[in-house]
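Raw contents of run05.tsv, TSV, C-alpha atoms:
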chain	number	residue	atom	x	y	z
H	1	MET	CA	10.62	2.79	18.75
H	2	SER	CA	8.31	-0.06	19.62
H	3	TRP	CA	5.38	-1.39	17.63
H	4	THR	CA	2.93	0.55	19.78
H	5	ASP	CA	4.49	3.78	18.54
H	6	VAL	CA	4.11	2.61	14.96
H	7	ALA	CA	0.48	1.71	15.63
H	8	ASP	CA	-0.11	5.12	17.20
H	9	VAL	CA	1.34	6.92	14.19
H	10	LEU	CA	-0.76	4.80	11.82
H	11	ALA	CA	-3.84	5.44	13.95
H	12	ALA	CA	-3.21	9.18	13.85
H	13	ALA	CA	-2.85	9.10	10.07
H	14	CYS	CA	-6.08	7.09	9.69
H	15	LEU	CA	-8.04	9.39	12.01
H	16	LEU	CA	-6.82	12.51	10.21
H	17	ALA	CA	-7.55	11.09	6.75
H	18	GLY	CA	-11.03	9.93	7.80
H	19	ALA	CA	-11.90	13.30	9.29
H	20	GLY	CA	-10.55	14.98	6.16
H	21	PHE	CA	-12.80	12.88	3.94
H	22	ALA	CA	-15.77	13.75	6.15
H	23	LEU	CA	-14.93	17.45	5.85
H	24	VAL	CA	-14.59	17.30	2.05
H	25	ALA	CA	-17.89	15.43	1.87
H	26	ALA	CA	-19.59	18.12	3.91
H	27	ILE	CA	-18.17	20.78	1.58
H	28	GLY	CA	-19.50	18.74	-1.32
H	29	VAL	CA	-22.97	18.46	0.20
H	30	LEU	CA	-22.96	22.23	0.55
H	31	ARG	CA	-21.42	23.14	-2.82
H	32	LEU	CA	-22.66	20.71	-5.45
H	33	PRO	CA	-25.55	21.94	-7.55
H	34	ASP	CA	-28.24	19.27	-7.35
H	35	LEU	CA	-29.50	16.56	-5.06
H	36	LEU	CA	-28.08	13.52	-6.83
H	37	SER	CA	-24.61	15.10	-7.07
H	38	ARG	CA	-24.78	15.78	-3.36
H	39	MET	CA	-25.59	12.15	-2.74
H	40	HIS	CA	-22.30	11.14	-4.39
H	41	ALA	CA	-20.45	13.30	-1.90
H	42	ALA	CA	-22.55	11.80	0.88
H	43	THR	CA	-21.41	8.24	0.12
H	44	LYS	CA	-17.82	9.13	0.96
H	45	PRO	CA	-17.80	9.53	4.76
H	46	GLN	CA	-20.20	6.64	5.04
H	47	VAL	CA	-17.72	4.26	3.43
H	48	ILE	CA	-14.09	5.37	3.34
H	49	GLY	CA	-14.26	7.95	6.13
H	50	LEU	CA	-15.87	5.48	8.49
H	51	VAL	CA	-13.46	2.68	7.60
H	52	LEU	CA	-10.45	4.97	8.13
H	53	VAL	CA	-11.67	6.37	11.45
H	54	LEU	CA	-12.61	2.96	12.80
H	55	ALA	CA	-9.27	1.51	11.65
H	56	GLY	CA	-7.62	4.32	13.58
H	57	VAL	CA	-9.71	3.48	16.66
H	58	ALA	CA	-8.81	-0.21	16.35
H	59	LEU	CA	-5.11	0.61	16.05
H	60	ARG	CA	-5.35	2.80	19.11
H	61	LEU	CA	-7.40	0.49	21.35
H	62	ARG	CA	-5.60	-2.72	20.32
H	63	GLU	CA	-8.20	-5.06	21.84
H	64	PRO	CA	-9.47	-8.08	19.91
H	65	SER	CA	-12.98	-7.72	21.34
H	66	ALA	CA	-13.23	-4.10	20.18
H	67	LEU	CA	-12.14	-5.25	16.73
H	68	GLY	CA	-15.27	-7.41	16.43
H	69	ILE	CA	-17.59	-4.54	17.29
H	70	LEU	CA	-15.82	-2.18	14.89
H	71	ALA	CA	-16.06	-4.69	12.04
H	72	LEU	CA	-19.76	-5.15	12.80
H	73	VAL	CA	-20.26	-1.37	12.71
H	74	VAL	CA	-18.64	-1.18	9.26
H	75	VAL	CA	-20.74	-4.06	7.90
H	76	LEU	CA	-23.99	-2.65	9.27
H	77	GLN	CA	-23.29	0.91	8.12
H	78	MET	CA	-22.44	-0.28	4.60
H	79	SER	CA	-25.49	-2.49	4.25
H	80	THR	CA	-27.87	0.14	5.59
H	81	SER	CA	-26.46	3.13	3.73
H	82	VAL	CA	-27.00	1.28	0.46
H	83	VAL	CA	-30.71	0.96	1.22
H	84	ALA	CA	-30.98	4.60	2.24
H	85	SER	CA	-29.11	5.97	-0.79
H	86	HIS	CA	-31.14	3.90	-3.23
H	87	MET	CA	-34.44	4.96	-1.66
H	88	VAL	CA	-33.46	8.64	-1.65
H	89	GLY	CA	-32.14	8.50	-5.22
H	90	ARG	CA	-35.26	6.82	-6.52
H	91	ALA	CA	-37.50	9.24	-4.66
H	92	ALA	CA	-35.50	12.14	-6.11
H	93	PHE	CA	-35.89	10.87	-9.64
H	94	ARG	CA	-39.58	10.09	-9.30
H	95	ALA	CA	-40.34	13.40	-7.69
H	96	GLY	CA	-38.61	15.22	-10.54
H	97	GLN	CA	-35.83	16.59	-8.36
H	98	VAL	CA	-33.19	16.10	-11.06
H	99	ARG	CA	-31.63	18.98	-12.93
H	100	HIS	CA	-31.75	17.66	-16.47
H	101	ASP	CA	-29.60	20.52	-17.76
H	102	LEU	CA	-26.67	18.96	-15.90
H	103	LEU	CA	-27.11	15.57	-17.54
H	104	VAL	CA	-25.00	14.66	-20.54
H	105	VAL	CA	-26.66	11.30	-21.10
H	106	ASP	CA	-30.08	10.45	-19.74
H	107	GLU	CA	-31.16	6.94	-20.53
H	108	LEU	CA	-33.92	6.79	-17.96
H	109	GLY	CA	-35.60	10.14	-18.57
H	110	ASP	CA	-37.43	9.27	-21.79
H	111	GLU	CA	-38.54	5.93	-20.42
H	112	ALA	CA	-39.68	7.36	-17.14
H	113	ALA	CA	-41.75	10.05	-18.79
H	114	ASP	CA	-44.86	7.92	-18.93
H	115	TRP	CA	-44.65	6.49	-15.42
H	116	GLN	CA	-46.40	9.20	-13.54
H	117	GLU	CA	-46.63	12.91	-13.22
H	118	PRO	CA	-43.81	14.47	-11.24
H	119	ARG	CA	-45.29	15.10	-7.83
H	120	GLY	CA	-42.70	17.50	-6.53
H	121	ALA	CA	-41.26	16.76	-3.14
H	122	PRO	CA	-42.44	19.16	-0.47
M	1	MET	CA	-47.45	-22.91	-4.02
M	2	ARG	CA	-48.57	-26.25	-2.79
M	3	THR	CA	-51.89	-27.85	-3.71
M	4	ARG	CA	-54.09	-29.51	-1.12
M	5	ARG	CA	-56.21	-32.56	-1.79
M	6	ASP	CA	-59.37	-30.52	-2.18
M	7	GLY	CA	-57.73	-28.43	-4.89
M	8	THR	CA	-57.11	-25.22	-2.92
M	9	THR	CA	-53.59	-23.89	-2.82
M	10	ARG	CA	-51.55	-22.48	0.01
M	11	PRO	CA	-48.10	-20.93	0.06
M	12	THR	CA	-45.20	-23.29	0.52
M	13	ARG	CA	-43.88	-23.27	4.05
M	14	HIS	CA	-40.15	-23.37	4.47
M	15	ARG	CA	-38.15	-24.26	7.52
M	16	ALA	CA	-38.00	-21.26	9.78
M	17	VAL	CA	-34.65	-22.17	11.37
M	18	GLN	CA	-31.89	-21.85	8.78
M	19	PRO	CA	-28.33	-22.77	9.71
M	20	LEU	CA	-26.74	-19.72	8.06
M	21	SER	CA	-28.83	-17.19	9.92
M	22	VAL	CA	-28.34	-19.07	13.21
M	23	VAL	CA	-24.57	-18.89	12.71
M	24	TRP	CA	-24.71	-15.19	11.83
M	25	LEU	CA	-26.93	-14.31	14.80
M	26	THR	CA	-24.69	-16.29	17.15
M	27	VAL	CA	-21.63	-14.44	15.83
M	28	VAL	CA	-23.34	-11.09	16.44
M	29	TRP	CA	-24.39	-12.22	19.92
M	30	SER	CA	-20.86	-13.19	20.93
M	31	ILE	CA	-19.47	-9.96	19.46
M	32	LEU	CA	-21.93	-8.02	21.59
M	33	TRP	CA	-20.89	-9.93	24.70
M	34	ARG	CA	-17.22	-9.53	23.68
M	35	ASP	CA	-16.58	-13.07	24.82
M	36	LEU	CA	-16.29	-16.50	23.29
M	37	SER	CA	-16.97	-18.75	26.27
M	38	LEU	CA	-19.18	-21.82	26.10
M	39	LEU	CA	-21.96	-20.09	28.03
M	40	VAL	CA	-22.10	-17.14	25.62
M	41	VAL	CA	-22.06	-19.31	22.49
M	42	GLY	CA	-24.64	-21.73	23.91
M	43	SER	CA	-27.05	-18.99	24.93
M	44	GLY	CA	-26.38	-17.32	21.57
M	45	VAL	CA	-27.52	-20.42	19.69
M	46	LEU	CA	-30.66	-20.59	21.84
M	47	VAL	CA	-31.47	-16.92	21.24
M	48	ALA	CA	-30.76	-17.28	17.49
M	49	VAL	CA	-33.12	-20.24	17.18
M	50	GLY	CA	-35.74	-18.31	19.10
M	51	VAL	CA	-35.35	-15.26	16.85
M	52	CYS	CA	-35.62	-17.45	13.74
M	53	LEU	CA	-38.82	-19.03	15.07
M	54	VAL	CA	-40.43	-15.73	16.03
M	55	PHE	CA	-39.38	-13.78	12.89
M	56	PRO	CA	-39.25	-16.34	10.06
M	57	LEU	CA	-37.73	-15.21	6.77
M	58	PRO	CA	-37.63	-16.90	3.38
M	59	PRO	CA	-34.31	-18.63	2.70
M	60	ILE	CA	-31.68	-17.20	0.38
M	61	ALA	CA	-30.40	-19.99	-1.84
M	62	LEU	CA	-29.43	-18.13	-4.96
M	63	PHE	CA	-25.83	-19.10	-5.51
M	64	ALA	CA	-24.30	-22.54	-5.56
M	65	ARG	CA	-20.86	-21.94	-4.10
M	66	VAL	CA	-18.32	-19.27	-3.22
M	67	ARG	CA	-14.86	-19.40	-4.71
M	68	PRO	CA	-12.30	-17.91	-2.31
M	69	TRP	CA	-9.69	-16.52	-4.70
M	70	PRO	CA	-12.10	-14.67	-7.02
M	71	LEU	CA	-13.84	-13.42	-3.88
M	72	ALA	CA	-10.52	-11.92	-2.77
M	73	VAL	CA	-10.15	-10.36	-6.22
M	74	LEU	CA	-13.65	-8.91	-5.92
M	75	ALA	CA	-12.93	-7.48	-2.47
M	76	GLY	CA	-9.57	-6.08	-3.54
M	77	GLY	CA	-11.07	-4.50	-6.65
M	78	PHE	CA	-13.81	-3.00	-4.48
M	79	LEU	CA	-11.26	-1.45	-2.12
M	80	VAL	CA	-9.20	-0.04	-5.00
M	81	ASP	CA	-12.37	1.34	-6.60
M	82	VAL	CA	-13.50	2.95	-3.35
M	83	VAL	CA	-10.16	4.69	-2.74
M	84	ARG	CA	-9.82	5.86	-6.35
M	85	ALA	CA	-13.43	7.04	-6.59
M	86	SER	CA	-13.23	8.83	-3.23
M	87	LEU	CA	-10.21	10.80	-4.41
M	88	GLN	CA	-11.97	11.58	-7.70
M	89	VAL	CA	-15.12	12.81	-5.95
M	90	SER	CA	-13.00	14.91	-3.60
M	91	ALA	CA	-11.29	16.48	-6.63
M	92	VAL	CA	-14.69	17.21	-8.19
M	93	VAL	CA	-15.88	18.83	-4.97
M	94	LEU	CA	-12.82	21.01	-4.53
M	95	ARG	CA	-12.33	22.25	-8.11
M	96	ARG	CA	-14.05	25.30	-9.49
M	97	ARG	CA	-15.38	23.93	-12.77
M	98	PRO	CA	-19.11	23.03	-12.72
M	99	VAL	CA	-19.91	19.35	-12.86
M	100	ARG	CA	-21.81	17.44	-15.56
M	101	ASN	CA	-23.53	14.15	-14.81
M	102	ALA	CA	-25.17	11.28	-16.64
M	103	VAL	CA	-27.80	8.65	-16.07
M	104	VAL	CA	-26.51	5.39	-17.51
M	105	ALA	CA	-28.51	2.20	-18.02
M	106	VAL	CA	-26.52	-0.97	-17.40
M	107	ASP	CA	-28.04	-4.18	-18.72
M	108	LEU	CA	-26.66	-6.99	-16.63
M	109	GLU	CA	-25.78	-10.23	-18.38
M	110	SER	CA	-26.88	-12.47	-15.56
M	111	SER	CA	-30.57	-12.88	-14.89
M	112	SER	CA	-30.35	-13.72	-11.22
M	113	ASP	CA	-31.76	-11.43	-8.56
M	114	PHE	CA	-28.84	-12.20	-6.28
M	115	VAL	CA	-26.35	-10.89	-8.83
M	116	LEU	CA	-28.51	-7.81	-9.44
M	117	THR	CA	-28.57	-7.04	-5.72
M	118	GLY	CA	-24.87	-7.68	-5.23
M	119	VAL	CA	-23.74	-5.57	-8.17
M	120	ALA	CA	-26.11	-2.75	-7.19
M	121	THR	CA	-24.73	-2.82	-3.64
M	122	ILE	CA	-21.12	-2.66	-4.79
M	123	LEU	CA	-21.80	0.10	-7.31
M	124	SER	CA	-23.69	2.27	-4.87
M	125	LEU	CA	-21.06	1.85	-2.15
M	126	VAL	CA	-18.44	3.20	-4.55
M	127	PRO	CA	-18.67	7.00	-4.46
M	128	GLY	CA	-19.52	8.56	-7.80
M	129	SER	CA	-22.42	6.33	-8.76
M	130	VAL	CA	-25.88	6.02	-7.21
M	131	VAL	CA	-28.49	3.46	-8.21
M	132	VAL	CA	-31.46	5.55	-9.22
M	133	GLU	CA	-33.70	2.75	-10.40
M	134	ALA	CA	-33.40	-1.01	-10.63
M	135	ARG	CA	-35.74	-2.90	-12.90
M	136	ARG	CA	-36.02	-6.50	-11.92
M	137	SER	CA	-37.95	-7.64	-14.97
M	138	THR	CA	-35.21	-6.74	-17.46
M	139	HIS	CA	-32.29	-6.81	-14.99
M	140	THR	CA	-31.32	-3.25	-15.74
M	141	LEU	CA	-29.69	-0.87	-13.32
M	142	TYR	CA	-30.06	2.86	-13.91
M	143	LEU	CA	-27.12	4.66	-12.33
M	144	HIS	CA	-26.50	8.34	-11.83
M	145	VAL	CA	-22.81	8.94	-12.50
M	146	LEU	CA	-20.95	12.01	-11.29
M	147	ASP	CA	-18.54	13.91	-13.53
M	148	THR	CA	-19.18	12.57	-17.02
M	149	PRO	CA	-18.23	15.39	-19.39
M	150	ASP	CA	-19.04	13.44	-22.55
M	151	ARG	CA	-20.65	10.29	-23.86
M	152	ALA	CA	-17.35	8.37	-24.03
M	153	ARG	CA	-16.96	8.70	-20.27
M	154	ALA	CA	-20.45	7.25	-19.78
M	155	GLU	CA	-19.56	4.30	-22.01
M	156	ARG	CA	-16.41	3.76	-19.98
M	157	PHE	CA	-18.45	3.68	-16.79
M	158	ARG	CA	-20.80	1.13	-18.33
M	159	ALA	CA	-17.81	-1.09	-19.17
M	160	GLU	CA	-16.52	-0.74	-15.59
M	161	ALA	CA	-19.91	-1.73	-14.17
M	162	LEU	CA	-20.03	-4.80	-16.40
M	163	ALA	CA	-16.49	-5.69	-15.28
M	164	VAL	CA	-17.69	-5.54	-11.66
M	165	GLU	CA	-20.48	-7.93	-12.63
M	166	GLN	CA	-17.97	-10.33	-14.21
M	167	ARG	CA	-15.87	-10.31	-11.04
M	168	PHE	CA	-19.00	-10.90	-8.97
M	169	LEU	CA	-20.03	-13.83	-11.16
M	170	ALA	CA	-16.56	-15.33	-10.83
M	171	ALA	CA	-16.71	-15.10	-7.04
M	172	PHE	CA	-20.28	-16.36	-6.58
M	173	VAL	CA	-20.94	-19.10	-9.07
M	174	PRO	CA	-24.67	-18.94	-9.77
M	175	ARG	CA	-26.67	-22.13	-9.59
M	176	ASP	CA	-28.44	-22.34	-12.94
M	177	ASP	CA	-30.51	-20.03	-14.97
M	178	HIS	CA	-33.66	-22.05	-14.46
M	179	HIS	CA	-34.80	-19.74	-11.68
M	180	SER	CA	-34.25	-16.75	-13.94
M	181	GLY	CA	-36.63	-13.87	-13.66
M	182	ARG	CA	-36.16	-12.75	-17.25
M	183	THR	CA	-39.49	-14.16	-18.34
M	184	ALA	CA	-41.36	-13.29	-15.16
S	1	MET	CA	-1.68	12.26	19.70
S	2	SER	CA	-3.72	14.97	21.37
S	3	VAL	CA	-2.83	17.41	18.57
S	4	VAL	CA	-4.11	14.94	16.01
S	5	ILE	CA	-7.30	14.36	17.97
S	6	THR	CA	-7.93	18.10	18.27
S	7	LEU	CA	-7.29	18.65	14.58
S	8	ALA	CA	-9.59	15.79	13.53
S	9	ALA	CA	-12.29	16.95	15.95
S	10	ALA	CA	-12.05	20.46	14.50
S	11	MET	CA	-12.48	19.09	10.97
S	12	LEU	CA	-15.50	17.04	12.04
S	13	GLY	CA	-16.94	20.10	13.78
S	14	VAL	CA	-16.59	22.24	10.66
S	15	ALA	CA	-18.17	19.43	8.65
S	16	GLY	CA	-21.10	19.33	11.09
S	17	VAL	CA	-21.63	23.09	10.79
S	18	LEU	CA	-21.57	22.93	6.96
S	19	LEU	CA	-24.10	20.10	7.04
S	20	LEU	CA	-26.32	22.09	9.38
S	21	VAL	CA	-26.21	24.95	6.86
S	22	ARG	CA	-27.31	22.58	4.09
S	23	MET	CA	-30.03	21.20	6.34
S	24	THR	CA	-31.29	24.70	7.00
S	25	VAL	CA	-31.29	26.00	3.44
S	26	GLY	CA	-32.82	22.85	1.99
S	27	PRO	CA	-34.32	23.43	-0.56
S	28	THR	CA	-36.24	20.14	-0.51
S	29	ILE	CA	-36.82	17.60	2.20
S	30	LEU	CA	-34.62	15.09	0.36
S	31	ASP	CA	-31.62	17.46	0.55
S	32	ARG	CA	-32.19	17.69	4.27
S	33	SER	CA	-32.37	13.94	4.63
S	34	VAL	CA	-29.09	13.50	2.73
S	35	ALA	CA	-27.45	16.07	4.99
S	36	LEU	CA	-28.87	14.26	8.01
S	37	ASP	CA	-27.41	10.99	6.76
S	38	VAL	CA	-23.96	12.52	6.41
S	39	LEU	CA	-24.34	14.12	9.82
S	40	MET	CA	-25.00	10.65	11.20
S	41	ALA	CA	-21.78	9.37	9.63
S	42	VAL	CA	-19.92	12.37	11.05
S	43	THR	CA	-21.41	11.60	14.47
S	44	ILE	CA	-20.18	8.01	14.24
S	45	CYS	CA	-16.71	9.29	13.33
S	46	GLY	CA	-16.86	11.69	16.29
S	47	VAL	CA	-17.78	8.97	18.76
S	48	GLY	CA	-14.96	6.85	17.35
S	49	LEU	CA	-12.60	9.79	17.84
S	50	HIS	CA	-13.69	10.04	21.46
S	51	ALA	CA	-13.04	6.34	21.94
S	52	ALA	CA	-9.57	6.75	20.45
S	53	SER	CA	-8.74	9.79	22.58
S	54	SER	CA	-9.97	8.39	25.89
S	55	ASP	CA	-8.55	4.95	25.09
S	56	SER	CA	-11.68	3.24	26.33
S	57	SER	CA	-14.08	0.98	24.50
S	58	VAL	CA	-17.12	2.00	26.55
S	59	ALA	CA	-18.67	4.00	23.72
S	60	LEU	CA	-18.44	1.29	21.06
S	61	PRO	CA	-21.97	-0.12	21.55
S	62	LEU	CA	-23.19	3.42	20.89
S	63	LEU	CA	-21.49	3.21	17.47
S	64	LEU	CA	-23.30	-0.04	16.83
S	65	ALA	CA	-26.69	1.44	17.66
S	66	LEU	CA	-26.03	4.55	15.54
S	67	SER	CA	-25.00	2.52	12.51
S	68	MET	CA	-28.08	0.33	12.82
S	69	VAL	CA	-30.77	2.99	13.17
S	70	GLY	CA	-29.13	5.79	11.19
S	71	PHE	CA	-30.80	4.93	7.92
S	72	VAL	CA	-34.37	4.69	9.19
S	73	GLY	CA	-34.95	8.42	8.92
S	74	ALA	CA	-33.68	8.63	5.34
S	75	VAL	CA	-35.80	5.66	4.26
S	76	SER	CA	-39.00	7.00	5.78
S	77	ILE	CA	-38.42	10.48	4.37
S	78	ALA	CA	-37.76	8.98	0.93
S	79	ARG	CA	-40.90	6.90	1.22
S	80	TYR	CA	-42.86	10.03	2.05
S	81	ALA	CA	-41.29	12.26	-0.59
S	82	SER	CA	-41.67	9.89	-3.52
S	83	GLY	CA	-45.40	10.42	-3.08
S	84	SER	CA	-46.38	6.80	-3.49
S	85	ASP	CA	-46.58	4.53	-0.51
S	86	ASP	CA	-48.45	2.01	-2.61
S	87	VAL	CA	-46.31	-1.06	-3.14
S	88	ALA	CA	-48.76	-2.52	-5.64
S	89	ALA	CA	-48.45	0.55	-7.86
S	90	GLU	CA	-44.67	0.21	-7.93
S	91	ASP	CA	-44.97	-3.42	-8.95
S	92	ASP	CA	-47.27	-2.21	-11.67
S	93	ASP	CA	-44.51	0.10	-12.93
S	94	ASP	CA	-42.19	-2.83	-13.08
S	95	GLN	CA	-44.63	-4.90	-15.10
S	96	ARG	CA	-45.25	-2.12	-17.55
S	97	GLY	CA	-41.53	-1.85	-18.03
S	98	ALA	CA	-41.42	-5.55	-18.85
S	99	GLU	CA	-44.23	-5.36	-21.38
S	100	ARG	CA	-42.59	-2.60	-23.28

What does this structure look like when you write it as structure tokens?
Amino acid sequence: MSWTDVADVLAAACLLAGAGFALVAAIGVLRLPDLLSRMHAATKPQVIGLVLVLAGVALRLREPSALGILALVVVLQMSTSVVASHMVGRAAFRAGQVRHDLLVVDELGDEAADWQEPRGAP
Amino acid sequence: MRTRRDGTTRPTRHRAVQPLSVVWLTVVWSILWRDLSLLVVGSGVLVAVGVCLVFPLPPIALFARVRPWPLAVLAGGFLVDVVRASLQVSAVVLRRRPVRNAVVAVDLESSSDFVLTGVATILSLVPGSVVVEARRSTHTLYLHVLDTPDRARAERFRAEALAVEQRFLAAFVPRDDHHSGRTA
Amino acid sequence: MSVVITLAAAMLGVAGVLLLVRMTVGPTILDRSVALDVLMAVTICGVGLHAASSDSSVALPLLLALSMVGFVGAVSIARYASGSDDVAAEDDDDQRGAER
């Protein structure tokens, strides 16, 4: 058993685990009750699923030049998904898309009350 | 702002070509070419300088120095957090019990914008917490936290977030507090 | 290896279908944009899977492009749905928070 076999087995495990995380995240996006909870599930394939799948690809390709591109993909996806998730979360809160009956503690709600009327996302 | 002799003011101009961004753009260029020859690196530097001249950006000079070992601790803690939180969120998704959430305000100790941005990035990349609102004036992050059945759990999350900030401060030693935005 | 690839592709396919269901039922535009974001991540995983199965790195620049432009849709939808595209008004919010 050479090291390429070991790398192949590791790659297979990474690919399966990454795809599994993506599947669970999709189930979460479908099942969870409100928008912000769904966003928590959405973070998962964007971070750990992507890292696992791309690690699997790197272990399978075994080229140093491909490694650079894959690392760049991870960095770019992480830095952009942060921007997107913050913008969507803020828009959800400002548009009143939060189910307050699911909140145990709400330390923003009373402060945000006098910002503006909830506009209601279309 | 800079004042002219006749009393009018104009915004301070900074150097458009910054060494850090030139290095970063050259690295990206050579990754895209998948080559590290002299021709690729040389043309990369030229293109990077050109990009910096055409699209000038204000410089980022918010931390004094990076300490390697605490940076490794920060990265390792981030990885552990991501794996643990991913498994937790998966468990929440797959179980039958309905989920309760919380919106937690975290008052950061540091008053630097760089620390605020870094901590917010780390916390929102970890599944289970989303930055809903960030207030720059008081350096407060409002985070939506998944699966907090009671108030004690919310307090525990607040302590974890502050621990992330401590690790971040250990890795990136901030310059001084004289540029602080707390009074702004 | 091919069994693993098939299994992972099936999981990603099911995930894509579930996300399409969420995109169809909504109920708000922000839900749809979150589902679209996850679908983009699933697409990236799928292209990576193809690269691993065909053992070629031809498709990797596609991954790069997807990861760079994937968030633009979510940001513009969020900008639209929050109802205020007025940057000055948001700064005003911030100042009021400071005065309090």

task = Determine which residues of chain M sit within 8 Å of chain H, taking into account all atoms listed in the file, and present them as a VMD selection string.
result = chain M and resid 28 31 to 32 34 to 35 82 to 83 86 89 to 90 93 to 94 99 to 105 121 124 to 133 142 144 146 148 to 151 154

key: Close residues, Leu36 in chain S itself excluded, 12 Å, all atoms listed in the file, min 4 positions apart in chain, as a PyMOL selection string   = (chain H and resi 26+29+39+42+46+84) or (chain S and resi 15-24+26+29-32+40-43+70-75+77)

C-alpha atoms of the current selection, written as a PDB file, in the coordinates of the input:
ATOM      1  CA  ALA H  26     -19.590  18.120   3.910  1.00  0.00           C
ATOM      2  CA  VAL H  29     -22.970  18.460   0.200  1.00  0.00           C
ATOM      3  CA  MET H  39     -25.590  12.150  -2.740  1.00  0.00           C
ATOM      4  CA  ALA H  42     -22.550  11.800   0.880  1.00  0.00           C
ATOM      5  CA  GLN H  46     -20.200   6.640   5.040  1.00  0.00           C
ATOM      6  CA  ALA H  84     -30.980   4.600   2.240  1.00  0.00           C
TER       7      ALA H  84
ATOM      8  CA  ALA S  15     -18.170  19.430   8.650  1.00  0.00           C
ATOM      9  CA  GLY S  16     -21.100  19.330  11.090  1.00  0.00           C
ATOM     10  CA  VAL S  17     -21.630  23.090  10.790  1.00  0.00           C
ATOM     11  CA  LEU S  18     -21.570  22.930   6.960  1.00  0.00           C
ATOM     12  CA  LEU S  19     -24.100  20.100   7.040  1.00  0.00           C
ATOM     13  CA  LEU S  20     -26.320  22.090   9.380  1.00  0.00           C
ATOM     14  CA  VAL S  21     -26.210  24.950   6.860  1.00  0.00           C
ATOM     15  CA  ARG S  22     -27.310  22.580   4.090  1.00  0.00           C
ATOM     16  CA  MET S  23     -30.030  21.200   6.340  1.00  0.00           C
ATOM     17  CA  THR S  24     -31.290  24.700   7.000  1.00  0.00           C
ATOM     18  CA  GLY S  26     -32.820  22.850   1.990  1.00  0.00           C
ATOM     19  CA  ILE S  29     -36.820  17.600   2.200  1.00  0.00           C
ATOM     20  CA  LEU S  30     -34.620  15.090   0.360  1.00  0.00           C
ATOM     21  CA  ASP S  31     -31.620  17.460   0.550  1.00  0.00           C
ATOM     22  CA  ARG S  32     -32.190  17.690   4.270  1.00  0.00           C
ATOM     23  CA  MET S  40     -25.000  10.650  11.200  1.00  0.00           C
ATOM     24  CA  ALA S  41     -21.780   9.370   9.630  1.00  0.00           C
ATOM     25  CA  VAL S  42     -19.920  12.370  11.050  1.00  0.00           C
ATOM     26  CA  THR S  43     -21.410  11.600  14.470  1.00  0.00           C
ATOM     27  CA  GLY S  70     -29.130   5.790  11.190  1.00  0.00           C
ATOM     28  CA  PHE S  71     -30.800   4.930   7.920  1.00  0.00           C
ATOM     29  CA  VAL S  72     -34.370   4.690   9.190  1.00  0.00           C
ATOM     30  CA  GLY S  73     -34.950   8.420   8.920  1.00  0.00           C
ATOM     31  CA  ALA S  74     -33.680   8.630   5.340  1.00  0.00           C
ATOM     32  CA  VAL S  75     -35.800   5.660   4.260  1.00  0.00           C
ATOM     33  CA  ILE S  77     -38.420  10.480   4.370  1.00  0.00           C
TER      34      ILE S  77
END

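For the pair CA of Ser57 in chain S and CA of Ala22 in chain H, the separation is 22.4 Å.
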
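With all atoms listed in the file as the atoms that count, the minimum distance from chain H to the choices S:Ala59, S:Ser53, S:Val3, S:Ser67 is reached by S:Ser67.
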
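Of note, CA of His139 in chain M and CA of Asp107 in chain M are spaced 6.2 Å apart.
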
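Distances from S:Val69, S:Leu62, S:Ala81, S:Gly13 to chain M were compared using all atoms listed in the file, and the smallest one belongs to S:Leu62.
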
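Straight-line separation from CA of Arg96 in chain M to CA of Cys45 in chain S: 28.0 Å.
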
note = Restricting to all atoms listed in the file, whichever of S:Leu49, S:Ala65, S:Ala35, S:Val58 is closest to Ala10 in chain S is S:Leu49

task = Please identify all polymer residues within 8 Å of range 6-20 of chain H, counting all atoms listed in the file, omitting same-chain residues fewer than 5 positions from it, and present them as a ChimeraX atom specification.
result = /H:1,45,48-60 /S:1,4-5,7-9,11-12,45,49

Could I get the residues of chain M with an atom no further than 7 Å from an atom of chain S, each paired with its nearest atom pair and that distance in Å to one decimal, using only C-alpha atoms, sorted by chain and residue number, as JSON lines?
{"residue": "M:Arg135", "atom": "CA", "partner": "S:Asp94", "partner_atom": "CA", "distance": 6.5}
{"residue": "M:Ser137", "atom": "CA", "partner": "S:Ala98", "partner_atom": "CA", "distance": 5.6}
{"residue": "M:Thr138", "atom": "CA", "partner": "S:Ala98", "partner_atom": "CA", "distance": 6.5}

Might I get the box with edges along x, y and z of the file that holds all atoms of range 6-10 of chain S listed there, padded by 6 Å on every side, given as centre and edge lengths in Å to one decimal, as AutoDock Vina command-line options?
--center_x -9.8 --center_y 18.1 --center_z 15.9 --size_x 17.0 --size_y 16.7 --size_z 16.7
